[in-house]
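Enquirer: Submitted below is the structure of interest, expressed as structure tokens.
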Amino acid sequence: MKYILLGLPILLFGCASRQAKIDRASKLLRANHIQLASLCAEQFPIRERFISGKEIVKTDTFSMAGAQMPCPSLPNQASVFVKCPDGQKVIKTVTKTDTIERENTARVAHLSNRLEKEQDKRNVAETSLDKSRKKLAIQSLISAVLSAVIIFHAIARWKLR
């Protein structure tokens, strides 16, 4: 019995609350922020995903008028000009934009944890609401039965008069 009484305070004070453990861990990690960063990098690596873009081809066509060029002339002839045919210049520009998505897994884990907590709160609220509805239904039934008993009692007294 003596050992149980001596061991009880150790048992009670040795088990710190969850919040106290979290507070101690937070203080330790804030003091050692470089180890915190490496721990976070191990636990929550950034995931990258490469998304290949579609090629967009833009075609521009430019028309150029043909130039007139002089032909070599003979001494007794007038200058003759020859018109070159009209030309076209086609320029194709190919554009492709690729995307790299980076997923912050630490943020995803945080939001998932928050979502679970909110769902737990909602489940507790729904359970409480269901209990309240059942209680209200029982109270309504009891009040209806009591009202019926009072009405029948009043009618019975009235008929006896």
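Just remember, in the structure tokens the first chain shown is A, the second B, etc., residues are 1-based per chain, and ligands are 1-based in the order shown.
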Could you pull the residues within 8 Å of Ile100 (chain A), counting only C-alpha atoms, minus those fewer than 3 positions along the same chain, as a count of residues only?

Expert: 4

Enquirer: Compile the contact shell of region 77-93 of chain A as a list in words: residues with an atom at most 12 Å away, counting only C-alpha atoms, same-chain residues fewer than 6 positions apart removed.

Expert: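 With the cut-off at 12 Å, the set is Glu55, Ile56, Val57, Lys58, Thr59, Asp60, Thr61, Phe62, Ser63, Met64, Ala65, Gly66, Ala67, Gln68, Met69, Pro70 and Cys71 of chain A.
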
Enquirer: Please give the complete set of residues from chain A that DSSP, run on the backbone, assigns to strand (DSSP E or B), formatted as a PyMOL selection string.

Expert: chain A and resi 47-51+55-64+68-70+81-83+87-96+99-103

Enquirer: Convert the current residue selection to file output with N, CA and C atoms, as a tab-separated table (two decimals), in the first residue's frame.

Expert:
```
chain	number	residue	atom	x	y	z
A	47	ARG	N	6.36	17.83	-53.83
A	47	ARG	CA	6.17	16.96	-54.99
A	47	ARG	C	6.03	17.83	-56.24
A	48	GLU	N	6.77	17.44	-57.26
A	48	GLU	CA	6.70	18.17	-58.52
A	48	GLU	C	6.06	17.28	-59.57
A	49	ARG	N	5.25	17.90	-60.42
A	49	ARG	CA	4.62	17.17	-61.51
A	49	ARG	C	4.76	18.01	-62.77
A	50	PHE	N	5.26	17.38	-63.82
A	50	PHE	CA	5.48	18.06	-65.09
A	50	PHE	C	4.26	17.85	-65.97
A	51	ILE	N	3.69	18.93	-66.46
A	51	ILE	CA	2.54	18.87	-67.36
A	51	ILE	C	2.97	19.45	-68.70
A	55	GLU	N	1.27	22.36	-78.32
A	55	GLU	CA	1.98	23.23	-79.26
A	55	GLU	C	0.96	24.11	-79.99
A	56	ILE	N	1.28	25.39	-80.05
A	56	ILE	CA	0.45	26.34	-80.79
A	56	ILE	C	1.28	26.84	-81.96
A	57	VAL	N	0.77	26.58	-83.16
A	57	VAL	CA	1.48	26.98	-84.37
A	57	VAL	C	0.79	28.19	-84.95
A	58	LYS	N	1.55	29.27	-85.12
A	58	LYS	CA	1.03	30.50	-85.70
A	58	LYS	C	1.75	30.71	-87.03
A	59	THR	N	0.96	30.83	-88.09
A	59	THR	CA	1.53	30.98	-89.43
A	59	THR	C	1.22	32.38	-89.94
A	60	ASP	N	2.26	33.10	-90.33
A	60	ASP	CA	2.11	34.43	-90.93
A	60	ASP	C	2.64	34.37	-92.36
A	61	THR	N	1.84	34.86	-93.29
A	61	THR	CA	2.24	34.87	-94.71
A	61	THR	C	2.33	36.33	-95.15
A	62	PHE	N	3.48	36.67	-95.69
A	62	PHE	CA	3.72	38.02	-96.19
A	62	PHE	C	3.86	37.95	-97.71
A	63	SER	N	3.11	38.79	-98.41
A	63	SER	CA	3.23	38.87	-99.87
A	63	SER	C	4.16	40.03	-100.22
A	64	MET	N	5.06	39.75	-101.16
A	64	MET	CA	6.00	40.78	-101.59
A	64	MET	C	5.83	40.97	-103.10
A	68	GLN	N	11.12	45.18	-110.42
A	68	GLN	CA	11.44	45.31	-111.86
A	68	GLN	C	12.94	45.47	-111.98
A	69	MET	N	13.49	44.65	-112.81
A	69	MET	CA	14.94	44.68	-112.97
A	69	MET	C	15.28	44.96	-114.44
A	70	PRO	N	16.32	45.73	-114.65
A	70	PRO	CA	16.70	45.99	-116.05
A	70	PRO	C	17.45	44.79	-116.62
A	81	PHE	N	12.91	46.30	-119.15
A	81	PHE	CA	12.76	45.91	-117.75
A	81	PHE	C	11.93	44.65	-117.66
A	82	VAL	N	12.32	43.80	-116.79
A	82	VAL	CA	11.58	42.54	-116.56
A	82	VAL	C	11.02	42.60	-115.15
A	83	LYS	N	9.75	42.25	-115.03
A	83	LYS	CA	9.11	42.23	-113.71
A	83	LYS	C	9.24	40.83	-113.14
A	87	GLY	N	6.22	37.35	-104.73
A	87	GLY	CA	6.67	36.27	-103.85
A	87	GLY	C	5.92	36.29	-102.52
A	88	GLN	N	5.99	35.18	-101.85
A	88	GLN	CA	5.38	35.07	-100.52
A	88	GLN	C	6.42	34.52	-99.56
A	89	LYS	N	6.37	35.07	-98.37
A	89	LYS	CA	7.26	34.59	-97.33
A	89	LYS	C	6.37	34.07	-96.20
A	90	VAL	N	6.55	32.81	-95.81
A	90	VAL	CA	5.75	32.18	-94.76
A	90	VAL	C	6.63	32.02	-93.52
A	91	ILE	N	6.14	32.56	-92.41
A	91	ILE	CA	6.86	32.43	-91.14
A	91	ILE	C	5.96	31.64	-90.19
A	92	LYS	N	6.49	30.50	-89.72
A	92	LYS	CA	5.76	29.68	-88.76
A	92	LYS	C	6.42	29.86	-87.39
A	93	THR	N	5.58	30.19	-86.40
A	93	THR	CA	6.06	30.34	-85.03
A	93	THR	C	5.39	29.25	-84.19
A	94	VAL	N	6.20	28.41	-83.55
A	94	VAL	CA	5.67	27.33	-82.71
A	94	VAL	C	5.91	27.72	-81.26
A	95	THR	N	4.82	27.74	-80.49
A	95	THR	CA	4.90	28.09	-79.07
A	95	THR	C	4.37	26.92	-78.26
A	96	LYS	N	5.09	26.57	-77.21
A	96	LYS	CA	4.67	25.48	-76.33
A	96	LYS	C	4.97	25.91	-74.90
A	99	THR	N	4.13	23.23	-67.89
A	99	THR	CA	3.84	23.64	-66.53
A	99	THR	C	4.47	22.67	-65.55
A	100	ILE	N	5.02	23.21	-64.49
A	100	ILE	CA	5.52	22.38	-63.39
A	100	ILE	C	4.68	22.73	-62.17
A	101	GLU	N	3.94	21.73	-61.67
A	101	GLU	CA	3.14	21.93	-60.46
A	101	GLU	C	3.96	21.48	-59.27
A	102	ARG	N	3.98	22.30	-58.25
A	102	ARG	CA	4.66	21.94	-57.01
A	102	ARG	C	3.62	21.87	-55.91
A	103	GLU	N	3.54	20.70	-55.31
A	103	GLU	CA	2.55	20.47	-54.25
A	103	GLU	C	3.22	20.62	-52.90
```

Enquirer: Compile the contact shell of Ala106 (chain A) as number ranges by chain: residues with an atom at most 12 Å away, counting only C-alpha atoms, same-chain residues fewer than 3 positions apart removed.

Expert: A: 37, 39-47, 102-103, 109-113

Enquirer: Could you jot down the CA of Gly53 (chain A) to CA of Asn104 (chain A) separation for me, Å, one decimal place?

Expert: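 Interatomic distance here is 22.2 Å.
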
Enquirer: Based on DSSP run over this structure's backbone, return all residues of chain A in alpha helix (DSSP H), as a PyMOL selection string.

Expert: chain A and resi 2-14+18-31+33-43+105-160
